[in-house]
Every structure is written in C-alpha cells, then in structure tokens.
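S.K.: For reference, this is start_10.txt, and it has compact mmCIF, C-alpha atoms and all ligand atoms.
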# COMPACT_ATOMS: atom_id res chain seq x y z
CA MET A 503 97.40 89.06 104.52
CA LEU A 504 99.91 86.22 104.17
CA SER A 505 101.28 86.75 107.63
CA GLY A 506 103.00 83.62 108.95
CA LYS A 507 102.42 81.67 105.74
CA HIS A 508 105.30 79.59 104.38
CA ILE A 509 105.39 80.07 100.62
CA LEU A 510 107.78 78.05 98.48
CA ILE A 511 108.43 79.50 95.04
CA GLY A 512 109.72 77.07 92.40
CA VAL A 513 111.51 78.84 89.56
CA SER A 514 112.23 77.04 86.31
CA GLY A 515 114.20 78.19 83.29
CA GLY A 516 112.16 80.70 81.35
CA ILE A 517 112.68 84.36 80.50
CA ALA A 518 109.86 85.25 82.93
CA ALA A 519 112.21 84.26 85.78
CA TYR A 520 113.30 87.90 85.79
CA LYS A 521 109.90 88.72 87.37
CA CYS A 522 110.56 86.49 90.40
CA PRO A 523 112.34 89.02 92.65
CA GLU A 524 109.28 91.28 92.31
CA LEU A 525 106.98 88.34 93.10
CA VAL A 526 109.02 87.45 96.19
CA ARG A 527 109.08 91.09 97.27
CA ARG A 528 105.31 91.36 97.01
CA LEU A 529 104.73 88.16 98.98
CA LYS A 530 107.13 89.32 101.70
CA GLN A 531 105.28 92.64 101.78
CA GLN A 532 102.11 90.68 102.54
CA GLY A 533 103.86 89.05 105.50
CA ALA A 534 104.79 85.68 103.96
CA ASP A 535 107.95 83.75 104.80
CA VAL A 536 109.28 82.94 101.33
CA ARG A 537 111.81 80.31 100.25
CA VAL A 538 112.91 79.77 96.68
CA ILE A 539 113.98 76.66 94.80
CA MET A 540 115.54 77.02 91.36
CA THR A 541 116.11 74.50 88.63
CA ASP A 542 119.54 74.51 86.95
CA ALA A 543 118.04 76.16 83.87
CA ALA A 544 116.50 78.95 85.99
CA LYS A 545 119.99 79.98 87.08
CA THR A 546 120.85 80.94 83.51
CA PHE A 547 118.10 83.59 83.65
CA ILE A 548 118.50 84.93 87.19
CA THR A 549 121.08 84.46 89.91
CA PRO A 550 120.27 82.62 93.16
CA LEU A 551 121.91 85.54 94.98
CA SER A 552 119.20 88.00 93.83
CA LEU A 553 116.45 85.70 95.07
CA GLN A 554 118.31 85.04 98.31
CA ALA A 555 118.61 88.79 98.86
CA VAL A 556 114.89 89.51 98.35
CA SER A 557 113.61 86.43 100.17
CA GLY A 558 116.05 86.68 103.07
CA ASN A 559 116.53 82.90 102.88
CA PRO A 560 119.10 80.68 101.18
CA VAL A 561 118.01 79.50 97.75
CA SER A 562 117.91 75.73 97.32
CA ASN A 563 118.69 74.06 94.06
CA SER A 564 120.34 70.67 94.37
CA LEU A 565 118.87 67.39 95.47
CA LEU A 566 122.35 66.00 95.90
CA ASP A 567 123.92 68.79 97.97
CA PRO A 568 124.87 67.27 101.36
CA ASN A 569 125.27 70.73 102.96
CA ALA A 570 121.80 71.88 101.88
CA GLU A 571 120.26 68.56 102.92
CA ALA A 572 121.95 68.90 106.33
CA ALA A 573 120.29 72.33 106.80
CA MET A 574 116.78 72.04 105.38
CA GLY A 575 116.54 68.86 103.31
CA HIS A 576 114.02 68.30 100.57
CA ILE A 577 111.58 66.45 102.83
CA GLU A 578 111.72 69.23 105.44
CA LEU A 579 111.17 71.83 102.73
CA ALA A 580 108.22 69.86 101.37
CA LYS A 581 106.73 69.75 104.89
CA TRP A 582 107.62 73.40 105.65
CA ALA A 583 105.58 74.77 102.74
CA ASP A 584 101.98 75.89 103.26
CA PHE A 585 101.79 76.54 99.53
CA ILE A 586 104.02 75.92 96.51
CA LEU A 587 103.88 78.31 93.58
CA LEU A 588 105.75 77.29 90.44
CA ALA A 589 106.50 80.54 88.63
CA PRO A 590 107.55 80.51 85.90
CA ALA A 591 106.57 76.94 85.07
CA THR A 592 108.07 75.93 81.73
CA ALA A 593 106.60 73.28 79.41
CA ASP A 594 109.44 71.00 80.46
CA LEU A 595 108.76 71.36 84.18
CA ILE A 596 105.03 70.84 83.64
CA ALA A 597 105.73 67.69 81.61
CA ARG A 598 108.03 66.25 84.25
CA LEU A 599 105.53 67.00 87.01
CA ALA A 600 102.66 65.49 85.03
CA ILE A 601 104.39 62.12 84.93
CA GLY A 602 105.55 62.28 88.54
CA MET A 603 109.27 62.60 87.94
CA ALA A 604 111.57 63.54 90.80
CA ASN A 605 114.83 64.07 88.98
CA ASP A 606 115.71 67.41 90.62
CA LEU A 607 115.00 69.17 93.90
CA LEU A 608 111.92 71.05 92.67
CA THR A 609 110.09 68.05 91.20
CA ALA A 610 111.10 65.88 94.21
CA ILE A 611 109.59 68.43 96.59
CA CYS A 612 106.38 68.62 94.56
CA LEU A 613 106.03 64.86 94.95
CA ALA A 614 106.95 64.91 98.62
CA THR A 615 104.57 67.68 99.70
CA SER A 616 100.98 67.64 100.84
CA ALA A 617 100.75 71.43 100.35
CA PRO A 618 98.56 72.88 97.59
CA ILE A 619 100.49 73.64 94.40
CA ALA A 620 99.81 76.34 91.82
CA ILE A 621 101.42 76.51 88.40
CA ALA A 622 102.02 79.78 86.56
CA PRO A 623 102.80 78.60 83.02
CA ALA A 624 105.23 80.68 80.96
CA MET A 625 106.32 79.62 77.51
CA ASN A 626 106.06 80.35 73.80
CA GLN A 627 102.44 80.46 72.64
CA GLN A 628 102.86 77.49 70.31
CA MET A 629 104.48 75.41 73.05
CA TYR A 630 101.57 76.31 75.29
CA ARG A 631 99.01 75.34 72.63
CA ALA A 632 100.83 72.06 71.92
CA GLN A 633 98.63 69.06 72.61
CA SER A 634 101.14 67.51 74.98
CA THR A 635 101.37 70.67 77.12
CA GLN A 636 97.58 70.97 77.23
CA HIS A 637 97.30 67.31 78.13
CA ASN A 638 99.90 67.71 80.93
CA LEU A 639 98.16 70.77 82.36
CA HIS A 640 94.82 69.00 82.21
CA ARG A 641 96.31 66.06 84.04
CA LEU A 642 97.79 68.23 86.82
CA SER A 643 94.53 70.11 87.11
CA SER A 644 92.73 66.78 87.60
CA TYR A 645 95.04 66.24 90.61
CA ASN A 646 93.63 69.52 92.02
CA TRP A 647 96.73 71.53 91.18
CA LEU A 648 95.85 75.16 90.51
CA ILE A 649 96.70 76.61 87.09
CA TRP A 650 97.16 80.38 87.27
CA GLY A 651 97.40 81.89 83.81
CA PRO A 652 99.01 82.22 81.41
CA ASP A 653 98.29 85.73 80.17
CA TYR A 654 97.78 86.56 76.51
CA GLY A 655 100.04 89.07 74.78
CA GLU A 656 103.32 89.82 73.11
CA GLN A 657 106.08 87.40 74.02
CA ALA A 658 109.84 87.77 74.40
CA CYS A 659 110.30 85.91 71.08
CA GLY A 660 107.99 88.36 69.30
CA ASP A 661 105.03 85.98 68.99
CA VAL A 662 101.64 87.08 70.20
CA GLY A 663 99.35 84.67 72.03
CA PRO A 664 98.83 82.85 75.34
CA GLY A 665 101.96 82.00 77.30
CA ARG A 666 103.03 85.08 79.24
CA MET A 667 103.44 84.46 82.95
CA MET A 668 100.86 86.28 85.06
CA SER A 669 102.32 89.44 86.56
CA PRO A 670 103.83 89.29 90.08
CA GLU A 671 100.98 91.52 91.21
CA GLU A 672 98.29 89.15 89.89
CA LEU A 673 100.06 86.11 91.31
CA SER A 674 100.43 87.68 94.73
CA ASN A 675 96.74 88.72 94.62
CA LYS A 676 95.82 85.12 93.81
CA LEU A 677 97.76 83.87 96.80
CA VAL A 678 96.21 86.47 99.05
CA ASN A 679 92.75 85.45 97.87
CA TYR A 680 93.58 81.81 98.39
CA PHE A 681 94.48 82.37 102.02
CA SER A 682 92.05 85.13 102.88
CA TYR A 683 89.14 84.89 105.21
CA PRO A 684 86.37 82.52 104.25
CA GLY A 685 83.38 84.21 102.68
CA ASP A 686 82.29 86.05 105.83
CA LEU A 687 81.20 89.05 103.73
CA GLU A 688 79.13 87.02 101.29
CA GLY A 689 75.83 88.80 100.64
CA VAL A 690 77.27 92.23 101.54
CA ASN A 691 77.11 94.85 98.76
CA LEU A 692 79.86 97.40 99.11
CA LEU A 693 80.34 100.61 97.16
CA LEU A 694 83.71 102.35 97.38
CA THR A 695 85.35 105.46 96.00
CA ALA A 696 89.13 105.61 95.66
CA GLY A 697 91.92 107.71 94.24
CA PRO A 698 91.94 111.40 93.38
CA THR A 699 89.61 113.37 91.17
CA VAL A 700 91.08 115.57 88.45
CA GLU A 701 89.63 118.97 87.56
CA ALA A 702 90.74 120.52 84.28
CA ILE A 703 91.93 124.12 84.11
CA ASP A 704 92.64 124.05 80.39
CA PRO A 705 93.43 121.24 77.92
CA VAL A 706 96.85 120.61 79.54
CA ARG A 707 96.54 121.64 83.20
CA PHE A 708 94.49 120.38 86.08
CA ILE A 709 93.88 120.49 89.84
CA SER A 710 94.29 117.22 91.72
CA ASN A 711 96.05 115.68 94.74
CA HIS A 712 98.50 112.94 95.72
CA SER A 713 96.03 110.10 96.28
CA SER A 714 97.34 106.90 94.64
CA GLY A 715 94.18 104.86 95.20
CA LYS A 716 96.14 102.28 97.22
CA MET A 717 94.00 102.56 100.36
CA GLY A 718 90.67 102.25 98.55
CA PHE A 719 91.90 99.48 96.26
CA ALA A 720 93.22 97.53 99.27
CA ILE A 721 89.81 97.74 100.96
CA ALA A 722 88.13 96.66 97.72
CA GLN A 723 90.48 93.71 97.27
CA VAL A 724 90.15 92.51 100.84
CA ALA A 725 86.35 92.88 100.84
CA ALA A 726 86.02 90.97 97.55
CA SER A 727 88.34 88.22 98.78
CA ARG A 728 86.04 87.83 101.79
CA GLY A 729 83.05 87.39 99.52
CA ALA A 730 81.55 90.90 99.35
CA SER A 731 80.16 92.13 96.07
CA VAL A 732 82.29 95.24 95.47
CA THR A 733 81.79 98.19 93.14
CA LEU A 734 84.81 100.47 93.06
CA ILE A 735 84.48 103.95 91.60
CA SER A 736 87.98 105.13 90.95
CA GLY A 737 89.58 108.38 89.95
CA PRO A 738 92.61 108.26 87.64
CA VAL A 739 95.14 105.89 89.27
CA ASN A 740 97.79 103.49 88.09
CA LEU A 741 96.57 100.31 89.77
CA PRO A 742 95.20 97.03 88.40
CA THR A 743 91.62 96.11 89.22
CA PRO A 744 91.49 93.67 92.15
CA GLU A 745 90.04 90.28 91.34
CA LYS A 746 86.24 90.00 91.46
CA VAL A 747 85.81 93.77 91.83
CA ARG A 748 83.59 95.76 89.48
CA ARG A 749 85.51 98.95 88.65
CA ILE A 750 84.15 102.14 87.15
CA ASN A 751 86.66 104.80 86.16
CA VAL A 752 85.82 108.47 86.51
CA THR A 753 87.85 111.66 86.27
CA THR A 754 86.08 114.59 87.88
CA ALA A 755 84.25 115.04 91.18
CA LEU A 756 81.01 115.61 89.26
CA GLU A 757 81.42 112.29 87.42
CA MET A 758 82.24 110.52 90.67
CA HIS A 759 79.18 112.09 92.30
CA ASP A 760 76.83 111.04 89.48
CA THR A 761 78.19 107.49 89.40
CA VAL A 762 78.01 107.04 93.16
CA MET A 763 74.41 108.31 93.23
CA GLN A 764 73.46 105.72 90.58
CA TYR A 765 74.62 102.87 92.82
CA ALA A 766 74.13 104.14 96.37
CA ASP A 767 70.54 102.94 96.77
CA LYS A 768 71.53 99.40 95.78
CA VAL A 769 74.28 98.77 98.34
CA ASP A 770 74.52 97.99 102.05
CA ILE A 771 77.66 99.98 102.78
CA PHE A 772 79.29 102.99 101.14
CA VAL A 773 82.95 103.76 101.89
CA ALA A 774 84.22 107.12 100.63
CA CYS A 775 87.98 106.75 100.49
CA ALA A 776 88.58 109.01 97.48
CA ALA A 777 90.32 112.33 97.87
CA VAL A 778 87.71 114.39 96.05
CA SER A 779 88.54 117.90 94.83
CA ASP A 780 86.42 120.23 96.89
CA TYR A 781 86.43 122.76 94.04
CA ARG A 782 86.40 122.74 90.26
CA VAL A 783 87.29 125.44 87.77
CA ALA A 784 84.32 127.67 86.94
CA ASN A 785 85.26 128.16 83.30
CA ILE A 786 87.54 125.53 81.77
CA ALA A 787 89.55 127.16 78.98
CA ASP A 788 89.13 125.61 75.54
CA GLU A 789 92.70 126.51 74.59
CA LYS A 790 95.92 126.37 76.60
CA LEU A 791 96.11 129.45 78.82
CA LYS A 792 98.90 131.88 77.92
CA LYS A 793 100.94 133.73 80.51
CA HIS A 794 100.45 137.48 80.31
CA ASP A 795 100.22 139.14 83.72
CA LYS A 796 102.30 138.57 86.83
CA HIS A 797 99.25 137.37 88.71
CA MET A 798 96.47 135.20 87.53
CA THR A 799 93.17 134.33 89.16
CA ILE A 800 91.23 131.19 88.50
CA GLU A 801 87.66 131.14 89.71
CA LEU A 802 86.73 127.94 91.52
CA ILE A 803 83.29 126.66 92.44
CA ARG A 804 82.38 124.10 95.08
CA ASN A 805 81.90 120.50 94.02
CA PRO A 806 79.03 118.53 95.53
CA ASP A 807 79.97 116.62 98.68
CA ILE A 808 79.51 113.01 97.58
CA VAL A 809 79.62 111.30 100.96
CA ALA A 810 77.33 113.91 102.53
CA ASP A 811 74.82 113.49 99.70
CA VAL A 812 74.74 109.71 100.19
CA ALA A 813 74.35 110.15 103.95
CA ALA A 814 71.43 112.53 103.28
CA MET A 815 69.49 110.05 101.12
CA SER A 816 65.94 109.85 102.41
CA THR A 817 64.06 106.81 101.09
CA TYR A 818 66.97 104.40 101.40
CA ARG A 819 70.34 105.14 102.94
CA PRO A 820 73.28 102.70 103.13
CA PHE A 821 75.68 102.54 106.09
CA VAL A 822 78.06 105.42 105.31
CA VAL A 823 81.78 105.47 106.10
CA GLY A 824 83.90 108.51 105.32
CA PHE A 825 87.61 109.15 105.48
CA ALA A 826 89.32 112.26 106.81
CA ALA A 827 92.80 113.26 105.72
CA GLU A 828 94.07 115.65 108.38
CA THR A 829 97.37 117.34 109.12
CA GLN A 830 96.46 118.66 112.59
CA ASN A 831 93.78 118.30 115.32
CA VAL A 832 92.96 114.93 113.81
CA LYS A 833 90.30 113.84 116.30
CA GLU A 834 88.56 117.22 116.48
CA TYR A 835 88.34 117.67 112.71
CA ALA A 836 87.34 114.05 112.12
CA LEU A 837 84.49 114.27 114.64
CA GLU A 838 83.39 117.54 113.07
CA LYS A 839 83.14 115.76 109.68
CA LEU A 840 81.38 112.74 111.22
CA ASN A 841 78.66 115.03 112.55
CA LYS A 842 78.46 117.62 109.78
CA LYS A 843 78.22 115.00 107.02
CA ASN A 844 75.97 112.75 109.13
CA LEU A 845 78.23 109.70 108.70
CA ASP A 846 78.02 106.39 110.54
CA MET A 847 81.79 106.13 110.82
CA ILE A 848 84.85 108.16 109.92
CA CYS A 849 88.38 106.87 109.38
CA ALA A 850 90.87 109.61 110.12
CA ASN A 851 94.45 109.50 108.92
CA ASP A 852 97.16 111.90 109.94
CA VAL A 853 98.65 112.68 106.54
CA SER A 854 101.29 115.03 107.96
CA GLN A 855 103.35 112.01 109.02
CA PRO A 856 105.84 110.59 106.50
CA GLY A 857 105.53 106.98 105.30
CA ARG A 858 101.76 106.73 105.60
CA GLY A 859 98.56 108.06 104.07
CA PHE A 860 98.85 109.53 100.58
CA ASN A 861 100.76 107.42 98.03
CA SER A 862 102.24 105.04 100.59
CA ASP A 863 101.88 101.28 101.09
CA MET A 864 101.34 101.89 104.82
CA ASN A 865 98.75 103.70 106.87
CA ALA A 866 97.34 104.10 110.37
CA LEU A 867 93.74 105.05 111.12
CA ASN A 868 91.68 106.46 113.95
CA LEU A 869 88.12 105.24 113.63
CA PHE A 870 85.25 107.18 115.18
CA TRP A 871 81.61 106.20 115.24
CA ARG A 872 78.63 107.35 117.28
CA SER A 873 79.40 105.28 120.35
CA GLY A 874 83.09 104.60 120.19
CA GLU A 875 86.50 104.92 118.70
CA LEU A 876 89.39 102.64 117.80
CA THR A 877 93.00 103.18 116.78
CA LEU A 878 94.39 100.95 114.04
CA ALA A 879 98.19 101.00 114.29
CA LEU A 880 100.53 101.62 111.37
CA SER A 881 100.58 98.64 109.04
CA ASP A 882 100.37 97.79 105.36
CA LYS A 883 97.10 98.89 103.74
CA PHE A 884 95.93 95.29 103.17
CA SER A 885 96.25 94.21 106.83
CA LEU A 886 94.71 97.52 107.85
CA SER A 887 91.75 96.89 105.52
CA GLN A 888 91.07 93.52 107.19
CA THR A 889 90.68 95.13 110.62
CA LEU A 890 88.85 98.12 109.22
CA LEU A 891 86.31 95.86 107.49
CA ASP A 892 85.87 93.82 110.70
CA LYS A 893 84.93 97.03 112.54
CA ILE A 894 82.72 98.39 109.75
CA ILE A 895 80.76 95.12 109.62
CA GLU A 896 80.42 95.05 113.41
CA CYS A 897 78.99 98.59 113.49
CA TYR A 898 76.80 97.92 110.44
CA ASN A 899 75.32 94.81 112.06
CA GLU A 900 74.79 96.65 115.33
CA LYS A 901 72.96 99.48 113.58
CA ASN A 902 70.74 97.02 111.70
CA ARG A 903 69.84 95.18 114.93
CA ARG A 904 68.57 98.38 116.52
O1 LIG B 1001 94.89 106.88 97.84
P1 LIG B 1001 96.06 106.71 98.78
O2 LIG B 1001 97.34 107.25 98.21
O3 LIG B 1001 96.20 105.30 99.28
O4 LIG B 1001 95.78 107.62 100.08
C1 LIG B 1001 94.71 107.34 100.90
C2 LIG B 1001 94.00 108.62 101.37
C3 LIG B 1001 94.95 109.43 102.25
C4 LIG B 1001 93.55 109.45 100.17
C5 LIG B 1001 92.75 108.13 102.17
O5 LIG B 1001 93.15 107.38 103.27
C6 LIG B 1001 91.90 109.31 102.64
O6 LIG B 1001 92.13 109.90 103.69
N1 LIG B 1001 90.87 109.68 101.84
C7 LIG B 1001 90.03 110.85 102.06
C8 LIG B 1001 90.79 112.08 101.69
C9 LIG B 1001 89.95 113.34 101.78
O7 LIG B 1001 89.61 113.86 100.76
O8 LIG B 1001 89.59 113.69 102.94
P2 LIG B 1001 88.63 114.99 103.24
O9 LIG B 1001 88.86 115.22 104.66
O10 LIG B 1001 88.96 116.10 102.29
O11 LIG B 1001 87.17 114.47 102.93
C10 LIG B 1001 86.36 113.86 103.91
C11 LIG B 1001 85.46 112.83 103.31
O12 LIG B 1001 84.55 113.46 102.41
C12 LIG B 1001 86.14 111.75 102.53
O13 LIG B 1001 85.48 110.54 102.79
C13 LIG B 1001 85.96 112.18 101.09
O14 LIG B 1001 85.93 111.05 100.21
C14 LIG B 1001 84.61 112.85 101.15
N2 LIG B 1001 84.38 113.89 100.16
C15 LIG B 1001 85.10 115.05 100.17
C16 LIG B 1001 84.81 116.05 99.28
C17 LIG B 1001 83.77 115.84 98.35
N3 LIG B 1001 83.46 116.77 97.47
N4 LIG B 1001 83.08 114.71 98.36
C18 LIG B 1001 83.35 113.73 99.23
O15 LIG B 1001 82.72 112.67 99.22
When written as structure tokens, how does the structure in this file appear?

M.R.:
Amino acid sequence: MLSGKHILIGVSGGIAAYKCPELVRRLKQQGADVRVIMTDAAKTFITPLSLQAVSGNPVSNSLLDPNAEAAMGHIELAKWADFILLAPATADLIARLAIGMANDLLTAICLATSAPIAIAPAMNQQMYRAQSTQHNLHRLSSYNWLIWGPDYGEQACGDVGPGRMMSPEELSNKLVNYFSYPGDLEGVNLLLTAGPTVEAIDPVRFISNHSSGKMGFAIAQVAASRGASVTLISGPVNLPTPEKVRRINVTTALEMHDTVMQYADKVDIFVACAAVSDYRVANIADEKLKKHDKHMTIELIRNPDIVADVAAMSTYRPFVVGFAAETQNVKEYALEKLNKKNLDMICANDVSQPGRGFNSDMNALNLFWRSGELTLALSDKFSLSQTLLDKIIECYNEKNRR
C-alpha cells in the first residue's frame, strides 16, 4: 500500500528508538522505500547499522559530512521524501523544530522539505504535559504538521501517563491510511468475518484452526481507509483493530452466526473470510476430561453455515462474498461452494502451498463470480485486499445496475 513511496524516518534520542527497526520493517513490507536520519543522541539508543540493515539504505546523520553530502545531500534528501515521519520525536527535537532551527541534519531537512511531516512524540509524561512542549506541538500543528500520538501507559521510567510512542504497527497503519485511495468507498457499508472460531471440548481443550485473521483484517483496514463503514466480526486473534473499523469479538461459530445475522440486513456487502468450525461439540464437559480408555469418541454436531444463511435472506440480502480454503481441485470445489451457498462471489485460496493462506502475510486468490473469474497473484494481504475490493465493488455495482 506504500508501494513506490519515499518515506524518511527521523529518529531522535529517546528510549522508544528501539522500536524503529520494527517500524522500518513494517513500512518496507508495505512497499515503501525507507531512508533513516538519526540525531547524535539517537545513536546512543540504537546503532545506525541496525537501521541500515532493515532499511537497505545508508543511514544519514551529519550535516557536515562531505562524503554523505556528495552522495545524497540534505537538500536532495529533503526533495526525495514523499513523507517525513519523526519517530520517536523527543521534547528537544520538537522544541527545535517549533522555532525553525536547523542545527543538525534532521532539523535542516525538515526546514528544507515541502513533504508532509508527522511527529510521533515520545517522552516522559511530565515533559509531555509541560506547557512549553504543548505550546511547541500546538505551533507545529498550526503549520499543518501531523501529530500522531502519544499513547497513554506505563513508561520506561516507571511513570504512567501520556508520552509513549505509538506502536510501529499503529504508525505504519497511519501512513498507509494517509496514502491510501481517496474515499472511493464512502457510503459503502461492509460487514466482514475474520479469524477462526473456537469450539470448547471441556474447560481446557478446544477445536479450532490456524486462521490468524490477517486476511480479513487486511480487507477491513483497506476498506476503511478507502472510506467504507466497516464492521468486523472477529474470532479470537492476536491483531489490533484497524483504524476506523468497528470490531466485535466472538468465540464460537454460533456466536459469530448470531452477530452476523444482527447486522446483515443493514449492510451493502458481506465478506465471509473467517475460517468457521463446521462442527461443535455436542456436549461440552463441565470438568476437564480424564483419560481412561485407549480410544475416545467426541460427538460433533454441525454448526450453522453463516455465509449460506446470509445469502438465503429473503426480504433483504446484501452482496455476499465467500472464501474457500482448498488443498486440491481449487476451482472445482470453489465453484461448488459458489453455487451451493448461493454466493455472488467466492475467493479461493490454495492453502496447501507454503508461504500463503493461513497465518501468513502473503496470499494469492482465484476469484469466481457468476459471469467471470480473475486470478490475483501472490502478494502481501494488504495489496491483495486493494485489488480484491476493486473487483468486489465492480461486481456489486454491476449487480445493482441490473
Ligand atoms: O486468517 P488468515 O490466517 O489470514 O488466513 C486466511 C484464510 C485462509 C482463513 C482465508 O483466506 C480463508 O480462506 N477463509 C475461509 C476459510 C474457510 O473456512 O473456508 P471453507 O471452505 O471451510 O468455507 C467456505 C466459506 O463458508 C467461507 O467463506 C467461510 O467463512 C464460510 N463458512 C464456513 C462454515 C460455516 N459454518 N459458516 C461459514 O460462513
């Protein structure tokens, strides 16, 4: 989603600098070309070599280094950047920027650039609350600089309050949202399921699957960033809620079914990306089951088919998109599901292939709808979601025109 974008990260001297390699890694994963500038103080918290290794570019730090200036000088760097993110931004850096100082490479570049600049403040809570810091932030904000964070919580010094740098994940989401498509999905109401469902056997055991939620969450994030109003019904996963997405957590297939049915008649499009347990345990044991015999039988009963029930709605029915996780005969089985469940579209993934599908950052999809099909090549789940949403909207609009 940041493909081809030149992102300049300015790192100043705070303990949160240790989060920068992860931030750079995430931005690179989204396709950005990342360069890093460090202040002298930043180098006491993290080495330039680590950031050079993750960014794949030399790290700049000195305004007075003739070799660096001969390669990509501060004016070139200022022009190269499509966006400058200062993370972590200490109280000192913020103060220097607020009065327009240019006494090191980072502040000089911020003066010399016409690119948008975002600040991710990171400092002790009292320093953050200090009138001068607030005044400086206010001043930068009045110059249209973006202020991202800080988060509230426990700090390295033991204090609790505002001043923690936003997580690399949140910062990279913010950048993605900044650059994502204009609001072409504004007015579209999207309901999504994601992740696995979990069916208890006894108080300590359960039946589930390897779904991480990444595919569904990526679709939700991309759709919200394009202006859609998104409700995400998620099984138990370890992912943060994408910005501007309404998330409802559920555990079992029955809970997911009931929640989906509450919302399905209020949305335009329903995308069933969750890996729902087809069966649940008939009698969940109240106490932990003990092992006695060599063999044990657990009786399972069928769960309702959520996507099929939405597709069968009579008075109002949204546009319904299902997923199909297959390990063989992908097209045949996907088409069978498209027809049997009466879907408008099905997105088939071949989950027998390593490095895609379940619990991976990457995926490839074969889309089938009533009058066509399309292959979406292997790529990260965010880029894939952009193309997938383009196709879903195209088919949705076509169906509504008929
Ligand atoms: O979460 P990730 O780790 O990112 O992995 C993504 C994924 C592989 C889980 C995802 O891309 C995917 O394929 N999801 C659907 C997996 C699945 O359960 O497929 P299925 O062939 O068993 O089900 C077909 C469709 O029916 C799906 O849309 C499913 O959500 C739906 N279904 C299934 C059973 C049920 N009781 N209710 C349902 O709604």

S.K.: Which distance in Å separates atom CA of Leu566 of chain A and atom CA of Ile517 of chain A, to one decimal?

M.R.: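 Atom CA of Ile517 of chain A lies at a distance of 25.8 Å from atom CA of Leu566 of chain A.
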
S.K.: Using all atoms listed in the file, find each protein or nucleic acid residue lying at most 6 Å from ligand LIG 1001 (chain B); present the set as a PyMOL selection string.

M.R.: chain A and resi 697+713-717+774-780+805-809+824-827+851+859-862

S.K.: Identify, on the basis of all atoms listed in the file, every residue whose closest approach to Val538 of chain A does not exceed 12 Å; exclude the query and any residue fewer than 6 positions from it along the same chain; express the result as a ChimeraX atom specification.

M.R.: /A:508-514,519,522-523,525-527,529,544-545,549-564,579-580,583,585-589,607-608,611

S.K.: How far is it from atom CA of Asp686 of chain A to atom CA of Arg728 of chain A, in Å with one decimal?

M.R.: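 A separation of 5.8 Å between them.
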
S.K.: Fewer than 6 positions away in the same chain doesn't count, so skip those; otherwise give me all residues within 12 Å of Arg631 of chain A, counting all atoms listed in the file, as a PyMOL selection string.

M.R.: chain A and resi 593+623-625+637-639+652+654+663-665

S.K.: What does the structure give for the distance between atom CA of Leu504 of chain A and atom CA of Ala534 of chain A, in Å to one decimal?

M.R.: 4.9 Å

S.K.: As a ChimeraX atom specification, please: the residues near segment 784-789 of chain A (cut-off 7 Å, only C-alpha atoms, same-chain neighbours under 3 positions excluded).

M.R.: /A:702-705,801-803

S.K.: Please provide the set of residues having any atom within 7 Å of Phe870 of chain A, restricted to all atoms listed in the file, with same-chain residues fewer than 5 positions apart removed, written as a list in words.

M.R.: Met847, Ile848, Cys849, Glu875 and Leu876 of chain A

S.K.: Taking (77.8, 105.9, 107.2) in the file's own coordinates, collect the residues within 7 Å, counting all atoms listed in the file, and hand them back as a ChimeraX atom specification.

M.R.: /A:772,813,820-824,845-847

S.K.: Select all residues near (96.9, 116.2, 112.0) (cut-off 9 Å, inclusive, file coordinates), counting all atoms listed in the file, and output them as an MDAnalysis selection string.

M.R.: chainID A and resid 827:833 835 851:855

S.K.: Please provide as an mmCIF file with C-alpha atoms, in the coordinates of the input all residues within 7 Å of Phe884 of chain A, with the sequence filter that same-chain residues fewer than 4 positions apart are discarded (counting all atoms listed in the file).

M.R.:
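File written: result-v3.cif
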data_model
loop_
_atom_site.group_PDB
_atom_site.id
_atom_site.type_symbol
_atom_site.label_atom_id
_atom_site.label_comp_id
_atom_site.auth_asym_id
_atom_site.auth_seq_id
_atom_site.Cartn_x
_atom_site.Cartn_y
_atom_site.Cartn_z
ATOM 1 C CA MET A 503 97.400 89.060 104.520
ATOM 2 C CA ALA A 720 93.220 97.530 99.270
ATOM 3 C CA ILE A 721 89.810 97.740 100.960
ATOM 4 C CA VAL A 724 90.150 92.510 100.840
ATOM 5 C CA GLN A 888 91.070 93.520 107.190
#

S.K.: Of the candidates A:Asn605, A:Asn844, A:Ser727, A:Thr592, which one gets nearest to Gly685 of chain A if we count all atoms listed in the file?

M.R.: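 Answer, going by the shortest atom-to-atom distance: A:Ser727.
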
S.K.: Rank nothing, just name the residue among A:Ala725, A:Ala543, A:Ala597, A:Met758 nearest to Pro744 of chain A, using only C-alpha atoms.

M.R.: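 Distance minimum relative to Pro744 of chain A lands on A:Ala725.
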
S.K.: May I ask which of the residues A:Lys676, A:Lys790, A:Arg749, A:His640 is the closest one to Ala696 of chain A, counting only C-alpha atoms?

M.R.: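 Checking each of A:Lys676, A:Lys790, A:Arg749, A:His640 against Ala696 of chain A, counting only C-alpha atoms, the winner is A:Arg749.
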
S.K.: Restricting the calculation to all atoms listed in the file: of A:Val700, A:Leu642, A:Ile621, A:Ala572, which residue gets closest to Gly602 of chain A?

M.R.: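 Of all the options, A:Leu642 lies closest to Gly602 of chain A.
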
S.K.: Go through A:Asn902, A:Gln636, A:Thr541, A:Gln532 one by one, measure the shortest atom-to-atom distance of each to Phe681 of chain A using only C-alpha atoms, and give the residue with the smallest value.

M.R.: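 Closest to Phe681 of chain A of all the choices is A:Gln532.
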
S.K.: Counting only C-alpha atoms, figure out which residue out of A:Leu687, A:Leu756, A:Ala658, A:Val783 gets nearest to Ile709 of chain A.

M.R.: A:Val783

S.K.: Take every atom of segment 832-841 of chain A listed in the file, fit an axis-aligned box around them, add 5 Å per side, and give the centre and edge lengths in Å to one decimal as JSON.

M.R.:
{"center_x": 85.8, "center_y": 115.2, "center_z": 113.1, "size_x": 24.3, "size_y": 14.9, "size_z": 16.8}
